[in-house]
Each structure stands twice: as structure tokens, then as C-alpha cells.
Amino acid sequence: MLACLIGYFGDFDLAEEATAEAFAIAAQRWPSDGPPDNPGAWLVTTARRRAIDRLRRDRVLAAKLRLLAAEPSREKGEDDVAPTPIPDERLELIFLCCHPALALEAQVALTLRAVAGLSTEEIARAFLVPADTMKRRLTRAKAKIKLAGIPFAVPAAPRLQERLAAVLAVVYLIFNQGYGDHQDRSGLAAEAIRLGRVLAVLLPAEPEVLGLLALMLLHDARRAARFTGEDLVLLADQDRSRWDRRQLAEGRALLDRALLDRVLPDRALPGPYALQAAIASLQTESELDWPQIAVLYGQLADLTGSAVVRLNRAVAVAEAEGPAAALAIVDSLDLPDYQYWHSTRAELLRRLGRADEARAAYGEALARARTAPERRFLQRRIAES
Amino acid sequence: MQYALLIYSRPGATEALSPDERAAVHDEYMALRKEPGMTGGASLHPVETATTVRVQDEQLLVTDGPFADTKEVFAGFYLLEADDLDAATEIAARIPAARLGGAVEIRPVVPGPS
């Protein structure tokens, strides 16, 4: 509904205020008069009329009124609304919130506020910033949308793929913010999955949209088994009976669609989200196909050029070919500041029986570990080796 | 909406081109002036010709050179009437400086009294 009004007026604040007013009027009237036949249409129309009233009062915005000339006259009673279908403008709203002309943190906050419907306070808590800071961030972003003329529109075909990549990055960032937290009190992972579902409904032919949703579902399905208390449990040690089977199946089905729905010839190769989902899917099989996982990581590394992905490939190679081959890959990577480069090296050295070097490498990882559970895990490893 | 497309170019970028390429770039700038929605603009002489003026305690301070000492220099601007930021961005992307090591800054223009 908010999407619909922002689309109509191109003004975030106006749309928000009018929506709130419409709900207030509904709360007043519906209990005594009974709800209208089409509550959604009634709310949109009422909010639209409230917004038009505001615009009429505001001389500075008089120019905008001309755009509304086609609007049916207000003389009709407010309740005899024709049950016209409400246009689904959530996609426009998502592209507006994730516009690259906004700072990434503003894109994330706006998406959670306007699309997911979280309160400013909830978003502030989830990102560990004071509510006032988050409020200012949102206000600044909304002001920029208005003043810079950021469009409420789905980008045209030549820009669609790069803009969609930005949208997916915002959704995945929200997911990871929640997934990385052992409690995820704000429910960000669930919100991200909800956003992913909305996108999958609105853009069902985009393999990467399906790939991202599959990836999030496959990861999230293991949520209950990922921590004991605050401590991270490695994939191999997770209690598989606590995995969400239904969610895994849904993720796999989406992944199949992402990989098989190759409508256009230039989509022949899977994108980064579909590849990651494929890896996540293989990692939940009872017998792990490490050579295949290594191949997929190789494709993902070629696609992204990421040294971190190459590091992940090394982990798979360690299982497929042994620790020596993996260590050669790890040592060829230049990631001296990356905690997991050191911990992976340490693990491989330990398996090769090079205990002194392993202990030193665990120490390097420990010096860079940021969370208490990770520090405890590394300390245990040092004590054992 | 009206936008100013502020062009920042990397000094020496055009000089590094062949005479033919330079002529082509010049033609691109001239063609952009004829783009629908273009309402004005100016191309500036090189930054070596710049003079910066300040007034401190009613004292006039005149110095040689540009105000900001940056790698890219302000080289000119277009004024463009466009539907929204995306439309303005498509035009900005066609300004040669954007691909020749410089950048284009898009700023919405405050509407004048009408």
C-alpha cells in the first residue's frame, strides 16, 4: 500500500503520513460501520485522498496537483469505492530503496523500513546504532530521493541486471546480519527471506533471484544446529536431525529452477548466488561430494575473482585430494589480514602433522578473531595441538 | 527536474589522445549540447588559468590556481532538464570525461522563483 502511494506521489513522507491517517480513519469507522467490501482498495483510496488534501493545502506543491487532474472528483462519498485492483508496486519500491545513488547503509535501512515494515527503532537495534542516528539516516535518504529525483521505477532492460545485483546484495546483507548472530533477535534473516520471496514472486524468471532465495533458505535451514549456546558448531559436527527438512527441500527446488530455467542463452552459466546455493545444497547431502564442491568453488572464484572464495575452494580440495594440495592453494593466496586464511592454514598444518606451525597459525587467527565464540574455538584448538 | 552535470576531468587525459580521437571527443561534447533537455552549460579553460578569491576580515585575498587541489579538475558543466536521476545518469554516462579517468557529478538544481 505504501509502495502504491509512493509510486503515485513520488514522496515518501507524504505517502507515509497519508497511510497512517487512512489506518486511523479505518480504526475509527470500521468497528461501528463494518469494514468495506474491499478493505485494501478503501485504504489506498482514502490515503490517496488524504494525501491530495495535503497537497492542495500546500501551495509549493501546486504543480504536482496538475498531475492529479485525472483523479476522480472528491464529491463522491468516501465509501462507494469501486473495487479496482491495487497495482502491485512493491518492485518499484524495492528498486527505489536499493538505488545505488543512496549509501549502502541507507539502502539497507530504507528497505527494512519501507518494504519489510520494520520500525526505525527495530532497525537501529539490529544494526547496533542509536535510534536517533538511524532516524537521521532515513531522513537524509528520503530527502535525497525527493531532491535528487531518484525514480520510483523498475530500471529499463539495459540497466536491469546491474540494478538487480544491487537489490540482491542489500537483501543478502540483511540476511547475513541476522544469520551471523546466534540469536538474531531482530529476525533479520527471516525478513531477508521474506524479501527474497517477494522478489521471487515479482521476478520469477530471474535465476539469481531464485538462487539467492535458495541460498538463504538452505543456510537458514541449518540455523537450529549452528550454535550450541553461543558457540559455533562446524558443519561436519552439526546435529542433522535439527535441520529444517522442509526448508532444505524448498531451497533445493528453487535451486533447480535457478539452474534449469535458462530462458536466455546468455544465462547459460549460473550466477554467484545460484553457485553458492548449489554449494550449500551439496553441503547438506549425507555423503559430501567434495570434488564437485571444489569445482563449484572454482567457478565461483573465476566469476568473482575473490581470494576468499579460492580459500573456500582450498577447504574442499583438502577433503577431495588431501591437505597438501590444499595448503599449496592457501599459501598461494595473499590474505595476511584475514582471520580465516590463518585458521584454514592452521587446520591443514595440523592435519599434516606440523604441530608447531599449526599452533603459530592458530595464534595468528586468534589475534584477529572478533567474536567470543570464535576465540574460544581457536583457544581450544591451540590447547589440543 | 533540472540537473547540473558537473564535469571533472583528469588533466592530460585528452592530450594523451591522438588528434583524431581528440576531435571525436570534442564532437561528442558538442553533440551532447544538442541533446533534448539540454538547457545550458559551459566549457572552462584549463585549471592553470584559474584565480581563487577569498575575503577575510574585509581583506581581499586573491591567489593563483583552483580552489580545491584535487587530482581531477572542474572542467565545465551542462544544465539538463530530465525526468529523474536515472535519465540524467544516462546522459552523464555519455560525457567523455566520465570514461577518460574523470567523473561527472550530478546535482539537482534548486528551482528558481516562477
# chains A, B, ... in the order shown; residues from 1 in each chain; ligands from 1
>>> closest_atom_pairs(of="chain B", to="chain A", cutoff="8 Å", atoms="only C-alpha atoms", output="JSON lines")
{"residue": "B:Met1", "atom": "CA", "partner": "A:Gly149", "partner_atom": "CA", "distance": 7.2}
{"residue": "B:Asp83", "atom": "CA", "partner": "A:Gly149", "partner_atom": "CA", "distance": 7.9}
{"residue": "B:Asp84", "atom": "CA", "partner": "A:Gly149", "partner_atom": "CA", "distance": 4.9}
{"residue": "B:Leu85", "atom": "CA", "partner": "A:Ile150", "partner_atom": "CA", "distance": 5.1}
{"residue": "B:Asp86", "atom": "CA", "partner": "A:Pro151", "partner_atom": "CA", "distance": 6.8}
{"residue": "B:Arg107", "atom": "CA", "partner": "A:Ala148", "partner_atom": "CA", "distance": 7.1}
{"residue": "B:Pro108", "atom": "CA", "partner": "A:Ala148", "partner_atom": "CA", "distance": 5.3}
>>> select_by_dssp(residues="range 8-110 of chain B", states="strand (DSSP E or B)", output="ChimeraX atom specification")
/B:8-9,38-43,51-56,59-64,73-81,103-108
>>> write_last_selection(atoms="N, CA and C atoms", output="compact mmCIF listing (two decimals), in the first residue's frame")
# COMPACT_ATOMS: atom_id res chain seq x y z
N TYR B 8 34.27 16.71 -14.11
CA TYR B 8 35.63 16.73 -13.56
C TYR B 8 36.51 15.89 -14.48
N SER B 9 37.54 16.51 -15.03
CA SER B 9 38.37 15.73 -15.95
C SER B 9 39.76 15.53 -15.36
N MET B 38 18.76 19.62 -22.86
CA MET B 38 19.95 20.42 -22.54
C MET B 38 19.56 21.90 -22.58
N THR B 39 19.71 22.59 -21.44
CA THR B 39 19.30 23.99 -21.41
C THR B 39 20.47 24.96 -21.28
N GLY B 40 21.66 24.43 -21.10
CA GLY B 40 22.80 25.35 -20.98
C GLY B 40 24.05 24.61 -20.59
N GLY B 41 25.09 25.37 -20.35
CA GLY B 41 26.33 24.75 -19.95
C GLY B 41 27.50 25.61 -20.36
N ALA B 42 28.69 25.20 -19.97
CA ALA B 42 29.88 25.95 -20.34
C ALA B 42 31.08 25.03 -20.23
N SER B 43 32.03 25.30 -21.09
CA SER B 43 33.30 24.57 -21.03
C SER B 43 34.34 25.58 -20.53
N THR B 51 41.79 31.58 -10.99
CA THR B 51 42.12 32.52 -9.92
C THR B 51 41.13 32.31 -8.80
N THR B 52 41.60 32.24 -7.56
CA THR B 52 40.70 32.00 -6.44
C THR B 52 40.64 33.24 -5.55
N VAL B 53 39.44 33.62 -5.17
CA VAL B 53 39.21 34.85 -4.41
C VAL B 53 38.59 34.51 -3.06
N ARG B 54 39.12 35.11 -2.01
CA ARG B 54 38.53 34.98 -0.67
C ARG B 54 38.47 36.37 -0.03
N VAL B 55 37.54 36.54 0.89
CA VAL B 55 37.51 37.78 1.66
C VAL B 55 37.58 37.39 3.13
N GLN B 56 38.66 37.85 3.80
CA GLN B 56 38.82 37.56 5.23
C GLN B 56 38.96 38.88 5.96
N GLN B 59 39.34 41.83 3.98
CA GLN B 59 40.56 41.90 3.18
C GLN B 59 40.41 40.98 1.97
N LEU B 60 40.68 41.49 0.82
CA LEU B 60 40.60 40.69 -0.39
C LEU B 60 41.85 39.83 -0.51
N LEU B 61 41.63 38.53 -0.68
CA LEU B 61 42.76 37.60 -0.87
C LEU B 61 42.61 36.95 -2.23
N VAL B 62 43.54 37.25 -3.11
CA VAL B 62 43.49 36.67 -4.45
C VAL B 62 44.68 35.74 -4.61
N THR B 63 44.40 34.49 -5.01
CA THR B 63 45.51 33.55 -5.21
C THR B 63 45.41 32.90 -6.59
N ASP B 64 46.56 32.46 -7.04
CA ASP B 64 46.64 31.76 -8.32
C ASP B 64 46.18 30.32 -8.12
N VAL B 73 40.07 17.91 -12.13
CA VAL B 73 39.75 19.34 -12.06
C VAL B 73 38.39 19.61 -12.70
N PHE B 74 37.73 20.63 -12.14
CA PHE B 74 36.43 21.03 -12.66
C PHE B 74 36.63 21.64 -14.05
N ALA B 75 35.97 21.09 -15.03
CA ALA B 75 36.27 21.48 -16.41
C ALA B 75 35.08 22.11 -17.13
N GLY B 76 33.89 22.00 -16.55
CA GLY B 76 32.73 22.55 -17.21
C GLY B 76 31.47 21.90 -16.70
N PHE B 77 30.34 22.30 -17.26
CA PHE B 77 29.08 21.73 -16.81
C PHE B 77 28.03 21.81 -17.89
N TYR B 78 27.03 20.96 -17.77
CA TYR B 78 25.81 21.06 -18.57
C TYR B 78 24.65 21.31 -17.63
N LEU B 79 23.64 22.01 -18.12
CA LEU B 79 22.36 22.09 -17.41
C LEU B 79 21.37 21.26 -18.19
N LEU B 80 20.71 20.34 -17.50
CA LEU B 80 19.87 19.36 -18.18
C LEU B 80 18.51 19.28 -17.52
N GLU B 81 17.49 19.28 -18.34
CA GLU B 81 16.13 19.03 -17.86
C GLU B 81 15.86 17.55 -18.12
N ALA B 103 35.24 12.16 -13.86
CA ALA B 103 33.95 11.79 -13.30
C ALA B 103 32.96 12.91 -13.55
N VAL B 104 31.68 12.56 -13.47
CA VAL B 104 30.63 13.56 -13.60
C VAL B 104 29.80 13.54 -12.33
N GLU B 105 29.65 14.70 -11.71
CA GLU B 105 28.82 14.80 -10.51
C GLU B 105 27.47 15.38 -10.92
N ILE B 106 26.39 14.67 -10.53
CA ILE B 106 25.05 15.13 -10.86
C ILE B 106 24.46 15.83 -9.65
N ARG B 107 24.06 17.09 -9.83
CA ARG B 107 23.46 17.82 -8.71
C ARG B 107 22.13 18.39 -9.15
N PRO B 108 21.07 18.12 -8.37
CA PRO B 108 19.78 18.74 -8.70
C PRO B 108 19.86 20.24 -8.48
>>> closest_residue(among="B:Val109, B:Pro96, B:Arg10, B:Thr70", to="Ala24 in chain B", atoms="only C-alpha atoms")
B:Pro96
>>> residues_around(residues="range 373-384 of chain A", least_positions_apart="4", cutoff="12 Å", atoms="only C-alpha atoms", output="MDAnalysis selection string")
chainID A and resid 180:182 226:234 339:340 342:344 346:347 350 355:369
>>> atom_distance(atom1="CA of Val154 in chain A", atom2="CA of Glu92 in chain A")
5.1 Å
